[in-house]
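Dumped final12.pdb below, it's PDB, C-alpha atoms, pLDDT in the B column:
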ATOM      1  CA  MET A 106      47.169   4.284  -4.068  1.00 54.00           C
ATOM      2  CA  LEU A 107      44.671   6.124  -6.265  1.00 58.00           C
ATOM      3  CA  ASP A 108      42.683   9.230  -5.484  1.00 58.00           C
ATOM      4  CA  THR A 109      39.722   9.906  -7.773  1.00 60.00           C
ATOM      5  CA  ALA A 110      38.581  13.436  -8.510  1.00 61.00           C
ATOM      6  CA  GLY A 111      35.419  14.772  -6.916  1.00 63.00           C
ATOM      7  CA  PRO A 112      32.886  13.343  -4.496  1.00 64.00           C
ATOM      8  CA  GLU A 113      31.927   9.714  -4.905  1.00 73.00           C
ATOM      9  CA  LEU A 114      28.411   8.362  -4.651  1.00 79.00           C
ATOM     10  CA  GLN A 115      27.022   4.897  -5.068  1.00 85.00           C
ATOM     11  CA  VAL A 116      23.914   3.697  -6.880  1.00 88.00           C
ATOM     12  CA  VAL A 117      22.014   1.479  -4.440  1.00 90.00           C
ATOM     13  CA  ASN A 118      20.962  -1.521  -6.522  1.00 90.00           C
ATOM     14  CA  LYS A 119      19.554  -3.969  -3.977  1.00 91.00           C
ATOM     15  CA  SER A 120      18.385  -6.420  -6.658  1.00 90.00           C
ATOM     16  CA  GLU A 121      21.916  -6.478  -8.137  1.00 85.00           C
ATOM     17  CA  GLN A 122      20.341  -6.865 -11.586  1.00 87.00           C
ATOM     18  CA  PRO A 123      22.078  -5.058 -14.455  1.00 86.00           C
ATOM     19  CA  ILE A 124      20.649  -1.644 -15.329  1.00 87.00           C
ATOM     20  CA  SER A 125      20.579  -0.463 -18.933  1.00 86.00           C
ATOM     21  CA  LEU A 126      20.001   3.192 -19.662  1.00 87.00           C
ATOM     22  CA  LYS A 127      17.914   4.269 -22.638  1.00 86.00           C
ATOM     23  CA  ALA A 128      19.509   6.683 -25.104  1.00 87.00           C
ATOM     24  CA  ASP A 129      18.132  10.231 -24.879  1.00 90.00           C
ATOM     25  CA  ALA A 130      15.984   9.345 -21.837  1.00 95.00           C
ATOM     26  CA  THR A 131      16.152  10.928 -18.402  1.00 97.00           C
ATOM     27  CA  VAL A 132      17.103   9.191 -15.175  1.00 97.00           C
ATOM     28  CA  THR A 133      16.284  10.472 -11.697  1.00 98.00           C
ATOM     29  CA  LEU A 134      18.986  10.248  -9.036  1.00 97.00           C
ATOM     30  CA  THR A 135      17.243  10.143  -5.659  1.00 98.00           C
ATOM     31  CA  PRO A 136      18.459   9.803  -2.064  1.00 97.00           C
ATOM     32  CA  ASP A 137      15.380   7.598  -1.428  1.00 97.00           C
ATOM     33  CA  GLU A 138      17.222   4.283  -1.065  1.00 95.00           C
ATOM     34  CA  GLY A 139      13.865   2.491  -0.689  1.00 96.00           C
ATOM     35  CA  GLN A 140      13.170   2.876  -4.403  1.00 96.00           C
ATOM     36  CA  GLU A 141      14.165   0.083  -6.741  1.00 95.00           C
ATOM     37  CA  ALA A 142      17.008   0.871  -9.142  1.00 93.00           C
ATOM     38  CA  SER A 143      15.939   0.912 -12.788  1.00 94.00           C
ATOM     39  CA  SER A 144      16.703   2.655 -16.063  1.00 93.00           C
ATOM     40  CA  ASP A 145      14.449   5.490 -14.826  1.00 96.00           C
ATOM     41  CA  VAL A 146      15.546   5.799 -11.179  1.00 96.00           C
ATOM     42  CA  PHE A 147      18.946   5.544  -9.488  1.00 95.00           C
ATOM     43  CA  PRO A 148      18.669   5.485  -5.686  1.00 95.00           C
ATOM     44  CA  ILE A 149      21.957   6.914  -4.381  1.00 93.00           C
ATOM     45  CA  ASN A 150      23.713   6.942  -1.014  1.00 92.00           C
ATOM     46  CA  PHE A 151      24.159  10.732  -0.892  1.00 92.00           C
ATOM     47  CA  GLY A 152      21.380  13.037   0.274  1.00 94.00           C
ATOM     48  CA  GLY A 153      23.156  16.263  -0.661  1.00 95.00           C
ATOM     49  CA  LEU A 154      23.468  15.829  -4.424  1.00 95.00           C
ATOM     50  CA  SER A 155      20.562  18.149  -5.235  1.00 97.00           C
ATOM     51  CA  LYS A 156      22.289  20.941  -3.300  1.00 97.00           C
ATOM     52  CA  ALA A 157      25.673  20.262  -4.902  1.00 95.00           C
ATOM     53  CA  VAL A 158      24.682  20.402  -8.592  1.00 96.00           C
ATOM     54  CA  LYS A 159      22.801  22.671 -10.957  1.00 97.00           C
ATOM     55  CA  LYS A 160      21.422  22.426 -14.480  1.00 98.00           C
ATOM     56  CA  GLY A 161      24.180  21.739 -16.994  1.00 98.00           C
ATOM     57  CA  ASN A 162      26.596  20.092 -14.527  1.00 97.00           C
ATOM     58  CA  THR A 163      28.065  16.711 -15.441  1.00 95.00           C
ATOM     59  CA  ILE A 164      27.881  13.603 -13.253  1.00 91.00           C
ATOM     60  CA  PHE A 165      30.081  10.583 -13.982  1.00 85.00           C
ATOM     61  CA  ILE A 166      28.777   7.206 -12.885  1.00 85.00           C
ATOM     62  CA  GLY A 167      30.945   4.226 -13.596  1.00 78.00           C
ATOM     63  CA  GLN A 168      33.204   1.433 -12.575  1.00 68.00           C
ATOM     64  CA  TYR A 169      35.787   1.807 -15.312  1.00 56.00           C
ATOM     65  CA  LEU A 170      38.679   1.791 -12.848  1.00 51.00           C
ATOM     66  CA  PHE A 171      37.450  -1.493 -11.384  1.00 52.00           C
ATOM     67  CA  THR A 172      36.287  -3.299 -14.528  1.00 56.00           C
ATOM     68  CA  GLY A 173      38.304  -1.672 -17.312  1.00 56.00           C
ATOM     69  CA  SER A 174      35.096  -1.601 -19.357  1.00 59.00           C
ATOM     70  CA  GLU A 175      33.508   1.589 -20.662  1.00 60.00           C
ATOM     71  CA  THR A 176      30.181  -0.272 -20.911  1.00 66.00           C
ATOM     72  CA  THR A 177      29.790   0.171 -17.149  1.00 72.00           C
ATOM     73  CA  SER A 178      30.334   3.934 -17.238  1.00 80.00           C
ATOM     74  CA  VAL A 179      28.085   6.847 -18.141  1.00 85.00           C
ATOM     75  CA  TRP A 180      28.334  10.631 -18.170  1.00 89.00           C
ATOM     76  CA  LEU A 181      25.043  12.315 -17.250  1.00 93.00           C
ATOM     77  CA  GLU A 182      24.111  15.979 -17.665  1.00 97.00           C
ATOM     78  CA  VAL A 183      21.894  17.546 -15.009  1.00 98.00           C
ATOM     79  CA  TYR A 184      18.598  18.528 -16.618  1.00 98.00           C
ATOM     80  CA  GLU A 185      16.838  19.813 -13.498  1.00 98.00           C
ATOM     81  CA  VAL A 186      16.803  19.650  -9.712  1.00 98.00           C
ATOM     82  CA  LYS A 187      13.442  18.672  -8.188  1.00 98.00           C
ATOM     83  CA  GLY A 188      13.529  18.857  -4.393  1.00 98.00           C
ATOM     84  CA  ASP A 189      16.017  16.216  -3.216  1.00 98.00           C
ATOM     85  CA  ASP A 190      16.065  14.537  -6.652  1.00 98.00           C
ATOM     86  CA  VAL A 191      18.293  15.276  -9.630  1.00 98.00           C
ATOM     87  CA  VAL A 192      16.969  14.583 -13.131  1.00 98.00           C
ATOM     88  CA  ALA A 193      19.704  13.947 -15.678  1.00 97.00           C
ATOM     89  CA  TRP A 194      20.196  12.587 -19.197  1.00 95.00           C
TER      90      TRP A 194
END
Structure encoded using structure tokens:
Amino acid sequence: MLDTAGPELQVVNKSEQPISLKADATVTLTPDEGQEASSDVFPINFGGLSKAVKKGNTIFIGQYLFTGSETTSVWLEVYEVKGDDVVAW
């Protein structure tokens, strides 16, 4: 059994197409699951993220434990909170 640290959220990628992030670009994490996942927007399954983080916090998104590949993992730094959305880079 394995217990990961911290709350877990999931990027809702209905198209199931791979998403590549651009270096030094921002990405918006939004609880609006109706948006399409892209390198600019990550719809997530957690509506409380904007209340749980602040500028400078770190968010880890990845599947390293499942895939063993660091290419599926990313550390994001919160740049700003805009309503229910979190902008990170």
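Of note, atom CA of Lys127 of chain A and atom CA of Ala157 of chain A are spaced 25.1 Å apart.
Atom CA of Pro123 of chain A to atom CA of Val186 of chain A spans 25.7 Å [interatomic distance, one decimal].
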Box in all listed atoms of segment 124-137 of chain A, axis-aligned, with 4 Å more on each side; write out centre and edge lengths in Å to one decimal as AutoDock Vina command-line options.
--center_x 18.0 --center_y 4.6 --center_z -13.3 --size_x 13.3 --size_y 20.6 --size_z 31.7
Can you work out which one of A:Ala130, A:Ala193, A:Gly139, A:Val179 has the shortest atom-to-atom distance to Gly161 of chain A, counting all atoms listed in the file?
A:Ala193
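Using all atoms listed in the file for every distance, the candidate list A:Ser178, A:Ser125, A:Asn150, A:Ser120 yields A:Asn150 as the residue closest to Asp137 of chain A.
In this model, the gap between atom CA of Asp190 of chain A and atom CA of Pro136 of chain A comes to 7.0 Å.
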List, as a VMD selection string, every residue that the PyMOL selection byres ((chain A and resi 132) around 9) selects in the file provided.
chain A and resid 126 to 127 130 to 131 133 to 134 143 to 147 181 191 to 194
As a check of understanding, name the residues that the PyMOL selection byres ((chain A and resi 166) around 10) selects in the supplied structure, as a PyMOL selection string.
chain A and resi 113-116+163-165+167-169+177-181
Please produce a file of those selected residues containing C-alpha atoms, as a compact mmCIF listing (two decimals), in the frame of the given file.
# COMPACT_ATOMS: atom_id res chain seq x y z
CA GLU A 113 31.93 9.71 -4.90
CA LEU A 114 28.41 8.36 -4.65
CA GLN A 115 27.02 4.90 -5.07
CA VAL A 116 23.91 3.70 -6.88
CA THR A 163 28.06 16.71 -15.44
CA ILE A 164 27.88 13.60 -13.25
CA PHE A 165 30.08 10.58 -13.98
CA GLY A 167 30.94 4.23 -13.60
CA GLN A 168 33.20 1.43 -12.58
CA TYR A 169 35.79 1.81 -15.31
CA THR A 177 29.79 0.17 -17.15
CA SER A 178 30.33 3.93 -17.24
CA VAL A 179 28.08 6.85 -18.14
CA TRP A 180 28.33 10.63 -18.17
CA LEU A 181 25.04 12.32 -17.25
Using all atoms listed in the file: which of A:Gly188, A:Leu154, A:Glu138, A:Val183 has the shortest distance to Lys119 of chain A:
A:Glu138
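With all atoms listed in the file as the atoms that count, the residue of A:Asn162, A:Thr135, A:Ser155, A:Ala142 with the shortest distance to Glu182 of chain A is A:Asn162.
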